[in-house]
Amino acid sequence: MGSPISVLILENDSNSVFDLVREMKANGLSPLYRVVESYPSWETTVHEEDWDAIICSTREPFHSEIPIYLQYLNDKKIDIPVILLSDPEDFAKNLSYMKSGVNDLIDRKNLLRLTEVLERERRELVYRKEKNTTEIFLYQSLKEIQLQKFALDQANIVSITDANGIITYVNDAFTKATGYTTSELIGQNHRILKSADKTKEDWAKIWETIQRGKVWRGEIRNLKKDGGDYWADTTIVPFTRQDGSIFQYIAIHHDISDRKLAEQQLTHDAFYDNLTGLPNRALFLARIEQKIFAYNAKNTGYPILFCINIDNFKRINHSLGNEAGDQILVIFSERLKQFSDNDAIITRLGADNFSILLTHLLAIDEGISYAMRLLERLGDPIPLGGYEIYLTASCGISAFGLGGKDADVLLRNAEIAMFHAKSQKVGTVSVFNQAMQEKIHFQLEIQNDLKKALTHNEIFVFYQPILDLKENRIGHWEALVRWRHPQRGMVSPAEFIPLAEDSGLIVPITKFVLEQAANVIEEVQIKQGLPISIAVNLSPQVFFDQNIFHWIVDLHNRRGIPYTSLQVEITESLAMKNLSETVPILSNLIDIGVKVALDDFGTGFSSLSYLEKLPLSIVKIDKSFLSNVEEGSKESFLLISIINMAHDLGYSVVAEGVEELEQLELLRSYECDKIQGYWLSKPIGSEEVIPFIKQFYSNQEKK
């Protein structure tokens with residue numbers, strides 16, 4: 001059985017409470033806990049038990065009530081440690097509570113410190129209670145029994161001085177804590193410890209308090225003999241004669257260095273990136289504000305902001321692993337520091353995004369020149385694990401004035417310029433302008449509308465037939481997702497699919513397309529007895545980050561959809577992205593009967609050497625190959641070569657974008673297996689699929 005601990009939890013999220021209790025139990029504690037979900041039940045509950053700690057959520061409604069709880073504990077003189085459960089992005093905001101009586105902050109997404117903090121605060125609570133009892137006893141009874149030193153020596157660091165502050169006694173714990181011997185301390189005053197955190201004015205106030213016969217308590221940072229420091233929670237008790245004059249002081253110290261280190265680490269974590277040691281976004285914004293204030297006051301130090309993103313960094317994590325990716329981020333940050341001058345303020349904004357603030361440049365043109373030189377330096381190869389890693393980076397620039405006059409606006413606009421640079425061509429530099437902001441706002445508006453589209457029945461699926469040239473039948477179709485916006489009308493897939501991928505909405509959209517395809521398969525094959533297979537396009541995010549294999553197995557088990565009635569289409573760039581991950585996923589799909597098509601083949605010429613390594617069923621030739629194809633032309637020889645190569649590897653070939661009868665006849669002569677395009681049919685709605693099939697076969701019979 002674990003060590004018992006009583007905890008009052010102020011939280012209205014049951015999952016969060018479960019995580020807290022589970023973490024305590026997993027680390028050897030046996031919690032007795034009560035949950036308070038609102039303020040009205042607080043007064044009763046806080047008095048019901050001798051609580052070891054209070055854990056309070058910083059989310060609403062508790063966030064606005066935290067000062068009320070702290071004031072209540074203070075007014076009622078209830079000594080219970082208060083630990084805040086904070087979201088990581090709110091750490092900087094919640095640190096202010098440390099000065100208001102909160103004992104510690106815990107990251108609700110990383111509870112590793114929870115047990116350590118609870119046990120530490122329970123020890124501190126026990127110590128305070130014992131110490132309080134001791135102090136009362138000392139103050140009331142030491143006058144009568146003089147110095148009962150042994151009562152304190154057992155558990156505390158103790159020193160005694162005369163009325164002038166000269167040390168007359170120290171116990172063994174004092175010499176152990178400071179590194180000085182007894183003989184080195186006796187006859188000295190406490191200035192030998194060079195208390196580094198107190199000014200002359202602070203010491204004057206302390207002396208004023210104790211010389212008036214009052215007890216002083218506070219925290220002091222002392223220096224040891226070896227130069228190291230330690231923090232002590234110190235209580236100084238004055239002792240008086242019958243005439244009221246003070247004849248000596250007893251100082252009772254408790255080493256709180258561990259707690260101070262934890263607080264310092266917490267502060268560091270709130271403002272610095274743990275991986276690179278660079279300032280994080282919160283601290284960076286504060287530094288920008290300082291530079292803007294200085295520029296406005298003195299009209300010197302023109303603030304220019306650079307936002308830098310490593311291009312295609314996810315590929316490095318996919319191929320080399322996250323540890324190698326972290327090493328590269330550290331090297332990248334070091335190069336930023338080496339290239340920049342000492343006045344540059346550099347930050348890691350998160351993931352593979354960095355930013356630099358300069359104040360020595362005089363104009364945007366100088367900023368562009370600086371950015372180009374920086375990107376060239378960052379492109380130098382990075383040696384790692386026997387390889388040389390070549391990186392490119394894209395950079396956005398915003399300068400005070402046109403780029404914004406507030407820190408958050410200036411940074412946001414630099415990021416907008418960086419995204420614009422990446423959208424134009426990776427490895428380039430863009431300077432923020434208003435047109436970029438309008439484009440981002442438009443994209444955000446579209447993205448927000450896209451979130452509603454699925455629930456508002458604005459997303460639907462069209463189906464384009466594929467003709468088997470050898471058997472002259474329609475058995476295969478491609479599912480094509482469409483969006484009918486209530487105000488904008490039909491939104492191009494080329495416009496909304498990238499936004500769906502960036503926002504993660506591509507996952508529910510792909511699931512929706514699969515379900516709609518299953519509806520058509522049920523109607524056509526299961527109910528009408530007409531053979532059909534439908535191909536669904538997979539984006540990189542769905543393919544790598546989601547288990548498409550289990551999606552399809554679930555669809556088969558839940559709805560009885562035959563595996564052979566489904567196809568998946570992947571692009572060349574997706575297939576080549578990471579063969580070690582791609583091949584097992586494709587193999588598993590083919591093993592259960594799902595056909596795999598390589599879409600838009602030929603748009604990435606590097607894939608030719610990898611084609612035989614991929615487990616495929618179908619190769620779809622991009623429509624660009626049909627442009628200017630004539631009998632005997634170079635284009636025709638290339639087309640024939642691709643078809644023959646695919647056949648040699650056991651793949652069937654589908655030609656996309658067939659719009660003319662001449663193209664069809666040419667492909668038939670080249671022994672292409674299937675064609676798809678407007679010559680056969682534009683994409684049609686699900687309700688038109690069965691009539692189209694029946695009409696097609698009816699026309700064939702008439703011929």
# chains A, B, ... in the order shown; residues from 1 in each chain; ligands from 1
>>> residues_around(residues="Thr564 in chain A", least_positions_apart="3", cutoff="9 Å", atoms="only C-alpha atoms", output="NGL selection string")
:A and (532-533 or 561 or 567 or 592-595)
>>> residues_around(residues="Ser398 in chain A", least_positions_apart="5", cutoff="12 Å", atoms="only C-alpha atoms", output="VMD selection string")
chain A and resid 302 to 308 355 to 358 363 to 365 367 to 368 371 403 to 418 429 to 434 436 to 437
>>> write_last_selection(atoms="N, CA and C atoms", output="compact mmCIF listing (two decimals), in the first residue's frame")
# COMPACT_ATOMS: atom_id res chain seq x y z
N TYR A 302 16.47 50.47 -35.32
CA TYR A 302 15.28 50.13 -36.11
C TYR A 302 14.99 48.63 -36.04
N PRO A 303 13.84 48.21 -35.48
CA PRO A 303 13.57 46.77 -35.32
C PRO A 303 13.16 46.10 -36.65
N ILE A 304 13.89 45.08 -37.04
CA ILE A 304 13.56 44.26 -38.21
C ILE A 304 13.52 42.80 -37.75
N LEU A 305 12.47 42.10 -38.13
CA LEU A 305 12.25 40.74 -37.66
C LEU A 305 12.38 39.76 -38.81
N PHE A 306 13.07 38.65 -38.56
CA PHE A 306 13.26 37.59 -39.55
C PHE A 306 12.67 36.30 -38.99
N CYS A 307 11.78 35.69 -39.74
CA CYS A 307 11.21 34.40 -39.34
C CYS A 307 11.73 33.34 -40.29
N ILE A 308 12.40 32.32 -39.75
CA ILE A 308 13.09 31.32 -40.57
C ILE A 308 12.50 29.95 -40.29
N SER A 355 13.32 32.64 -35.14
CA SER A 355 13.17 34.05 -35.48
C SER A 355 14.36 34.83 -34.94
N ILE A 356 14.70 35.90 -35.64
CA ILE A 356 15.82 36.77 -35.25
C ILE A 356 15.32 38.21 -35.26
N LEU A 357 15.66 38.96 -34.22
CA LEU A 357 15.37 40.39 -34.15
C LEU A 357 16.68 41.16 -34.23
N LEU A 358 16.78 42.04 -35.24
CA LEU A 358 17.96 42.88 -35.41
C LEU A 358 17.55 44.34 -35.28
N ALA A 363 17.62 49.68 -43.23
CA ALA A 363 16.54 49.63 -44.22
C ALA A 363 16.22 48.18 -44.56
N ILE A 364 15.05 47.99 -45.21
CA ILE A 364 14.61 46.66 -45.61
C ILE A 364 15.60 46.02 -46.58
N ASP A 365 16.18 46.82 -47.48
CA ASP A 365 17.13 46.26 -48.46
C ASP A 365 18.30 45.59 -47.75
N GLY A 367 18.11 44.30 -44.83
CA GLY A 367 17.54 43.09 -44.24
C GLY A 367 17.47 41.95 -45.24
N ILE A 368 17.08 42.26 -46.47
CA ILE A 368 17.02 41.22 -47.51
C ILE A 368 18.41 40.66 -47.78
N ALA A 371 19.37 38.41 -44.96
CA ALA A 371 18.64 37.14 -45.00
C ALA A 371 19.19 36.21 -46.07
N GLY A 403 5.37 46.61 -41.28
CA GLY A 403 5.18 45.24 -40.79
C GLY A 403 4.46 45.18 -39.47
N GLY A 404 4.09 46.34 -38.91
CA GLY A 404 3.40 46.36 -37.63
C GLY A 404 4.12 47.22 -36.62
N LYS A 405 3.39 47.69 -35.61
CA LYS A 405 3.98 48.54 -34.58
C LYS A 405 3.90 47.91 -33.19
N ASP A 406 3.33 46.72 -33.11
CA ASP A 406 3.28 45.96 -31.86
C ASP A 406 4.03 44.65 -32.04
N ALA A 407 4.54 44.11 -30.95
CA ALA A 407 5.38 42.92 -31.02
C ALA A 407 4.66 41.75 -31.66
N ASP A 408 3.43 41.47 -31.19
CA ASP A 408 2.73 40.30 -31.72
C ASP A 408 2.37 40.46 -33.18
N VAL A 409 2.03 41.69 -33.60
CA VAL A 409 1.72 41.94 -35.01
C VAL A 409 2.97 41.79 -35.87
N LEU A 410 4.08 42.35 -35.39
CA LEU A 410 5.35 42.27 -36.13
C LEU A 410 5.77 40.81 -36.33
N LEU A 411 5.64 40.00 -35.28
CA LEU A 411 6.02 38.60 -35.38
C LEU A 411 5.06 37.84 -36.29
N ARG A 412 3.76 38.09 -36.12
CA ARG A 412 2.79 37.39 -36.95
C ARG A 412 3.01 37.69 -38.44
N ASN A 413 3.32 38.94 -38.75
CA ASN A 413 3.51 39.31 -40.14
C ASN A 413 4.80 38.75 -40.71
N ALA A 414 5.83 38.59 -39.88
CA ALA A 414 7.05 37.92 -40.34
C ALA A 414 6.77 36.46 -40.67
N GLU A 415 5.92 35.82 -39.86
CA GLU A 415 5.54 34.43 -40.13
C GLU A 415 4.70 34.34 -41.41
N ILE A 416 3.82 35.31 -41.62
CA ILE A 416 3.03 35.33 -42.86
C ILE A 416 3.95 35.44 -44.07
N ALA A 417 4.95 36.33 -43.98
CA ALA A 417 5.91 36.48 -45.08
C ALA A 417 6.70 35.20 -45.31
N MET A 418 7.04 34.50 -44.22
CA MET A 418 7.77 33.24 -44.36
C MET A 418 6.91 32.20 -45.08
N VAL A 429 13.36 34.33 -49.85
CA VAL A 429 13.07 35.38 -48.86
C VAL A 429 11.90 36.21 -49.35
N SER A 430 10.96 36.53 -48.44
CA SER A 430 9.85 37.42 -48.78
C SER A 430 9.73 38.48 -47.69
N VAL A 431 9.37 39.69 -48.13
CA VAL A 431 9.12 40.80 -47.22
C VAL A 431 7.62 40.99 -47.10
N PHE A 432 7.14 41.14 -45.89
CA PHE A 432 5.70 41.25 -45.66
C PHE A 432 5.11 42.45 -46.39
N ASN A 433 3.92 42.23 -46.99
CA ASN A 433 3.11 43.33 -47.51
C ASN A 433 1.65 43.03 -47.24
N GLN A 434 0.80 43.99 -47.46
CA GLN A 434 -0.61 43.87 -47.09
C GLN A 434 -1.31 42.77 -47.89
N MET A 436 -0.21 39.90 -48.73
CA MET A 436 0.02 38.61 -48.08
C MET A 436 -0.98 38.41 -46.94
N GLN A 437 -1.20 39.47 -46.17
CA GLN A 437 -2.12 39.36 -45.05
C GLN A 437 -3.54 39.08 -45.53
>>> residues_around(residues="Asp258 in chain A", least_positions_apart="2", cutoff="12 Å", atoms="only C-alpha atoms", output="PyMOL selection string")
chain A and resi 116-117+120-121+124+229-233+254-256+260-265
>>> select_by_dssp(residues="range 459-558 of chain A", states="strand (DSSP E or B)", output="PDB file with N, CA, C and O atoms, in the first residue's frame")
ATOM      1  N   ILE A 459     -19.894  19.028 -48.130  1.00  0.00           N
ATOM      2  CA  ILE A 459     -18.916  18.145 -48.775  1.00  0.00           C
ATOM      3  C   ILE A 459     -19.659  16.965 -49.393  1.00  0.00           C
ATOM      4  O   ILE A 459     -20.503  16.345 -48.749  1.00  0.00           O
ATOM      5  N   PHE A 460     -19.345  16.672 -50.634  1.00  0.00           N
ATOM      6  CA  PHE A 460     -19.958  15.523 -51.291  1.00  0.00           C
ATOM      7  C   PHE A 460     -18.941  14.894 -52.227  1.00  0.00           C
ATOM      8  O   PHE A 460     -17.836  15.433 -52.430  1.00  0.00           O
ATOM      9  N   VAL A 461     -19.296  13.746 -52.800  1.00  0.00           N
ATOM     10  CA  VAL A 461     -18.349  12.974 -53.605  1.00  0.00           C
ATOM     11  C   VAL A 461     -18.920  12.766 -55.001  1.00  0.00           C
ATOM     12  O   VAL A 461     -20.080  12.379 -55.164  1.00  0.00           O
ATOM     13  N   PHE A 462     -18.094  13.040 -56.029  1.00  0.00           N
ATOM     14  CA  PHE A 462     -18.402  12.705 -57.412  1.00  0.00           C
ATOM     15  C   PHE A 462     -17.585  11.476 -57.803  1.00  0.00           C
ATOM     16  O   PHE A 462     -16.561  11.162 -57.171  1.00  0.00           O
ATOM     17  N   TYR A 463     -18.024  10.802 -58.839  1.00  0.00           N
ATOM     18  CA  TYR A 463     -17.361   9.563 -59.270  1.00  0.00           C
ATOM     19  C   TYR A 463     -17.107   9.639 -60.772  1.00  0.00           C
ATOM     20  O   TYR A 463     -18.020   9.928 -61.552  1.00  0.00           O
ATOM     21  N   GLN A 464     -15.829   9.399 -61.160  1.00  0.00           N
ATOM     22  CA  GLN A 464     -15.492   9.412 -62.584  1.00  0.00           C
ATOM     23  C   GLN A 464     -15.198   7.989 -63.042  1.00  0.00           C
ATOM     24  O   GLN A 464     -14.363   7.296 -62.449  1.00  0.00           O
ATOM     25  N   PRO A 465     -15.895   7.533 -64.125  1.00  0.00           N
ATOM     26  CA  PRO A 465     -15.713   6.144 -64.579  1.00  0.00           C
ATOM     27  C   PRO A 465     -14.380   5.938 -65.289  1.00  0.00           C
ATOM     28  O   PRO A 465     -13.794   6.874 -65.833  1.00  0.00           O
ATOM     29  N   ILE A 466     -13.925   4.698 -65.262  1.00  0.00           N
ATOM     30  CA  ILE A 466     -12.695   4.282 -65.934  1.00  0.00           C
ATOM     31  C   ILE A 466     -13.058   3.138 -66.881  1.00  0.00           C
ATOM     32  O   ILE A 466     -13.672   2.152 -66.465  1.00  0.00           O
ATOM     33  N   LEU A 467     -12.683   3.275 -68.156  1.00  0.00           N
ATOM     34  CA  LEU A 467     -13.047   2.294 -69.183  1.00  0.00           C
ATOM     35  C   LEU A 467     -11.934   1.282 -69.374  1.00  0.00           C
ATOM     36  O   LEU A 467     -10.772   1.648 -69.590  1.00  0.00           O
ATOM     37  N   ASP A 468     -12.290  -0.014 -69.284  1.00  0.00           N
ATOM     38  CA  ASP A 468     -11.362  -1.098 -69.588  1.00  0.00           C
ATOM     39  C   ASP A 468     -11.357  -1.280 -71.108  1.00  0.00           C
ATOM     40  O   ASP A 468     -12.352  -1.690 -71.711  1.00  0.00           O
ATOM     41  N   ARG A 473     -15.576  -2.490 -70.762  1.00  0.00           N
ATOM     42  CA  ARG A 473     -16.576  -2.423 -69.708  1.00  0.00           C
ATOM     43  C   ARG A 473     -16.172  -1.386 -68.666  1.00  0.00           C
ATOM     44  O   ARG A 473     -15.005  -0.983 -68.575  1.00  0.00           O
ATOM     45  N   ILE A 474     -17.193  -0.943 -67.920  1.00  0.00           N
ATOM     46  CA  ILE A 474     -16.962   0.020 -66.838  1.00  0.00           C
ATOM     47  C   ILE A 474     -17.013  -0.742 -65.518  1.00  0.00           C
ATOM     48  O   ILE A 474     -18.068  -1.170 -65.076  1.00  0.00           O
ATOM     49  N   GLY A 475     -15.860  -0.921 -64.888  1.00  0.00           N
ATOM     50  CA  GLY A 475     -15.840  -1.627 -63.613  1.00  0.00           C
ATOM     51  C   GLY A 475     -15.166  -0.832 -62.517  1.00  0.00           C
ATOM     52  O   GLY A 475     -15.307  -1.136 -61.340  1.00  0.00           O
ATOM     53  N   HIS A 476     -14.416   0.199 -62.925  1.00  0.00           N
ATOM     54  CA  HIS A 476     -13.632   0.970 -61.954  1.00  0.00           C
ATOM     55  C   HIS A 476     -14.038   2.434 -62.006  1.00  0.00           C
ATOM     56  O   HIS A 476     -14.363   2.966 -63.073  1.00  0.00           O
ATOM     57  N   TRP A 477     -13.994   3.069 -60.837  1.00  0.00           N
ATOM     58  CA  TRP A 477     -14.348   4.479 -60.703  1.00  0.00           C
ATOM     59  C   TRP A 477     -13.362   5.145 -59.741  1.00  0.00           C
ATOM     60  O   TRP A 477     -12.780   4.492 -58.876  1.00  0.00           O
ATOM     61  N   GLU A 478     -13.207   6.450 -59.913  1.00  0.00           N
ATOM     62  CA  GLU A 478     -12.407   7.220 -58.956  1.00  0.00           C
ATOM     63  C   GLU A 478     -13.317   8.170 -58.195  1.00  0.00           C
ATOM     64  O   GLU A 478     -14.109   8.900 -58.793  1.00  0.00           O
ATOM     65  N   ALA A 479     -13.219   8.136 -56.842  1.00  0.00           N
ATOM     66  CA  ALA A 479     -14.004   9.035 -55.994  1.00  0.00           C
ATOM     67  C   ALA A 479     -13.286  10.376 -55.889  1.00  0.00           C
ATOM     68  O   ALA A 479     -12.101  10.441 -55.531  1.00  0.00           O
ATOM     69  N   LEU A 480     -13.990  11.447 -56.192  1.00  0.00           N
ATOM     70  CA  LEU A 480     -13.412  12.794 -56.197  1.00  0.00           C
ATOM     71  C   LEU A 480     -14.232  13.690 -55.268  1.00  0.00           C
ATOM     72  O   LEU A 480     -15.424  13.901 -55.492  1.00  0.00           O
ATOM     73  N   VAL A 481     -13.597  14.197 -54.222  1.00  0.00           N
ATOM     74  CA  VAL A 481     -14.313  14.997 -53.230  1.00  0.00           C
ATOM     75  C   VAL A 481     -14.538  16.409 -53.764  1.00  0.00           C
ATOM     76  O   VAL A 481     -13.690  16.988 -54.446  1.00  0.00           O
ATOM     77  N   ARG A 482     -15.712  16.958 -53.458  1.00  0.00           N
ATOM     78  CA  ARG A 482     -16.080  18.298 -53.901  1.00  0.00           C
ATOM     79  C   ARG A 482     -16.678  19.073 -52.724  1.00  0.00           C
ATOM     80  O   ARG A 482     -17.207  18.496 -51.784  1.00  0.00           O
ATOM     81  N   TRP A 483     -16.604  20.405 -52.817  1.00  0.00           N
ATOM     82  CA  TRP A 483     -17.141  21.273 -51.769  1.00  0.00           C
ATOM     83  C   TRP A 483     -17.998  22.349 -52.413  1.00  0.00           C
ATOM     84  O   TRP A 483     -17.502  23.161 -53.201  1.00  0.00           O
ATOM     85  N   ARG A 484     -19.272  22.358 -52.046  1.00  0.00           N
ATOM     86  CA  ARG A 484     -20.177  23.414 -52.507  1.00  0.00           C
ATOM     87  C   ARG A 484     -20.385  24.395 -51.361  1.00  0.00           C
ATOM     88  O   ARG A 484     -21.114  24.144 -50.412  1.00  0.00           O
ATOM     89  N   HIS A 485     -19.685  25.534 -51.436  1.00  0.00           N
ATOM     90  CA  HIS A 485     -19.739  26.555 -50.388  1.00  0.00           C
ATOM     91  C   HIS A 485     -21.051  27.327 -50.525  1.00  0.00           C
ATOM     92  O   HIS A 485     -21.468  27.672 -51.638  1.00  0.00           O
ATOM     93  N   GLY A 489     -20.000  29.128 -53.788  1.00  0.00           N
ATOM     94  CA  GLY A 489     -20.283  28.113 -54.797  1.00  0.00           C
ATOM     95  C   GLY A 489     -19.266  26.986 -54.739  1.00  0.00           C
ATOM     96  O   GLY A 489     -18.726  26.668 -53.676  1.00  0.00           O
ATOM     97  N   MET A 490     -18.958  26.390 -55.880  1.00  0.00           N
ATOM     98  CA  MET A 490     -18.009  25.276 -55.917  1.00  0.00           C
ATOM     99  C   MET A 490     -16.591  25.786 -55.668  1.00  0.00           C
ATOM    100  O   MET A 490     -16.100  26.677 -56.368  1.00  0.00           O
ATOM    101  N   VAL A 491     -15.936  25.208 -54.643  1.00  0.00           N
ATOM    102  CA  VAL A 491     -14.553  25.558 -54.314  1.00  0.00           C
ATOM    103  C   VAL A 491     -13.644  24.491 -54.909  1.00  0.00           C
ATOM    104  O   VAL A 491     -13.872  23.293 -54.719  1.00  0.00           O
ATOM    105  N   SER A 533     -15.383  -1.296 -58.495  1.00  0.00           N
ATOM    106  CA  SER A 533     -14.367  -0.944 -57.494  1.00  0.00           C
ATOM    107  C   SER A 533     -14.165   0.557 -57.567  1.00  0.00           C
ATOM    108  O   SER A 533     -14.222   1.145 -58.651  1.00  0.00           O
ATOM    109  N   ILE A 534     -13.970   1.155 -56.412  1.00  0.00           N
ATOM    110  CA  ILE A 534     -13.850   2.619 -56.326  1.00  0.00           C
ATOM    111  C   ILE A 534     -12.517   2.976 -55.684  1.00  0.00           C
ATOM    112  O   ILE A 534     -12.134   2.414 -54.652  1.00  0.00           O
ATOM    113  N   ALA A 535     -11.812   3.908 -56.324  1.00  0.00           N
ATOM    114  CA  ALA A 535     -10.507   4.352 -55.837  1.00  0.00           C
ATOM    115  C   ALA A 535     -10.664   5.620 -55.003  1.00  0.00           C
ATOM    116  O   ALA A 535     -11.388   6.542 -55.395  1.00  0.00           O
ATOM    117  N   VAL A 536      -9.985   5.658 -53.860  1.00  0.00           N
ATOM    118  CA  VAL A 536      -9.992   6.817 -52.964  1.00  0.00           C
ATOM    119  C   VAL A 536      -8.571   7.356 -52.869  1.00  0.00           C
ATOM    120  O   VAL A 536      -7.624   6.599 -52.635  1.00  0.00           O
ATOM    121  N   ASN A 537      -8.417   8.662 -53.074  1.00  0.00           N
ATOM    122  CA  ASN A 537      -7.091   9.292 -53.000  1.00  0.00           C
ATOM    123  C   ASN A 537      -6.671   9.483 -51.545  1.00  0.00           C
ATOM    124  O   ASN A 537      -7.476   9.886 -50.702  1.00  0.00           O
TER     125      ASN A 537
END
>>> residues_around(residues="Leu20 in chain A", least_positions_apart="5", cutoff="12 Å", atoms="only C-alpha atoms", output="VMD selection string")
chain A and resid 7 to 11 13 to 15 25 to 27 29 to 31 33 35 55 to 57 85 106 to 115 118
>>> atom_distance(atom1="CA of Leu666 in chain A", atom2="CA of Tyr697 in chain A")
23.0 Å
>>> residues_around(residues="range 618-624 of chain A", least_positions_apart="5", cutoff="6 Å", atoms="only C-alpha atoms", output="list in words")
Ala597, Leu598, Asp599, Asp600, Phe601, Tyr651, Ser652, Val653, Val654, Ala655, Glu656 and Gly657 of chain A
>>> residues_around(residues="Phe543 in chain A", least_positions_apart="6", cutoff="10 Å", atoms="only C-alpha atoms", output="number ranges by chain")
A: 507, 537, 549, 570, 574-575, 581-582, 585-586
>>> write_last_selection(atoms="N, CA, C and O atoms", output="mmCIF file, in the first residue's frame")
data_model
loop_
_atom_site.group_PDB
_atom_site.id
_atom_site.type_symbol
_atom_site.label_atom_id
_atom_site.label_comp_id
_atom_site.auth_asym_id
_atom_site.auth_seq_id
_atom_site.Cartn_x
_atom_site.Cartn_y
_atom_site.Cartn_z
ATOM 1 N N VAL A 507 -8.313 14.241 -42.507
ATOM 2 C CA VAL A 507 -8.605 12.942 -41.888
ATOM 3 C C VAL A 507 -10.111 12.661 -41.886
ATOM 4 O O VAL A 507 -10.548 11.641 -42.431
ATOM 5 N N ASN A 537 -8.417 8.662 -53.074
ATOM 6 C CA ASN A 537 -7.091 9.292 -53.000
ATOM 7 C C ASN A 537 -6.671 9.483 -51.545
ATOM 8 O O ASN A 537 -7.476 9.886 -50.702
ATOM 9 N N PHE A 549 -5.000 1.107 -43.140
ATOM 10 C CA PHE A 549 -5.272 -0.334 -43.197
ATOM 11 C C PHE A 549 -6.428 -0.694 -42.263
ATOM 12 O O PHE A 549 -7.371 -1.390 -42.654
ATOM 13 N N ILE A 570 -2.186 6.733 -54.406
ATOM 14 C CA ILE A 570 -1.164 7.569 -53.775
ATOM 15 C C ILE A 570 -0.345 8.233 -54.871
ATOM 16 O O ILE A 570 -0.222 7.709 -55.972
ATOM 17 N N LEU A 574 4.391 11.025 -52.498
ATOM 18 C CA LEU A 574 4.074 10.312 -51.259
ATOM 19 C C LEU A 574 4.773 8.962 -51.237
ATOM 20 O O LEU A 574 5.361 8.555 -50.227
ATOM 21 N N ALA A 575 4.739 8.240 -52.364
ATOM 22 C CA ALA A 575 5.342 6.906 -52.421
ATOM 23 C C ALA A 575 6.842 6.958 -52.180
ATOM 24 O O ALA A 575 7.416 6.096 -51.523
ATOM 25 N N GLU A 581 8.638 3.081 -44.809
ATOM 26 C CA GLU A 581 7.301 3.113 -44.231
ATOM 27 C C GLU A 581 6.236 2.818 -45.277
ATOM 28 O O GLU A 581 5.212 2.202 -44.987
ATOM 29 N N THR A 582 6.482 3.268 -46.510
ATOM 30 C CA THR A 582 5.481 3.119 -47.566
ATOM 31 C C THR A 582 5.243 1.662 -47.922
ATOM 32 O O THR A 582 4.094 1.201 -48.021
ATOM 33 N N ILE A 585 2.989 -0.631 -45.576
ATOM 34 C CA ILE A 585 1.580 -0.252 -45.597
ATOM 35 C C ILE A 585 0.918 -0.731 -46.875
ATOM 36 O O ILE A 585 -0.174 -1.320 -46.858
ATOM 37 N N LEU A 586 1.583 -0.505 -48.024
ATOM 38 C CA LEU A 586 1.020 -0.933 -49.308
ATOM 39 C C LEU A 586 0.917 -2.455 -49.384
ATOM 40 O O LEU A 586 -0.072 -2.996 -49.906
#
>>> select_by_dssp(residues="range 199-408 of chain A", states="helix (DSSP H, G or I)", output="PyMOL selection string")
chain A and resi 200-211+257-271+281-298+313-320+322-339+364-378+407-408
>>> atom_distance(atom1="CA of Leu579 in chain A", atom2="CA of Pro562 in chain A")
27.6 Å
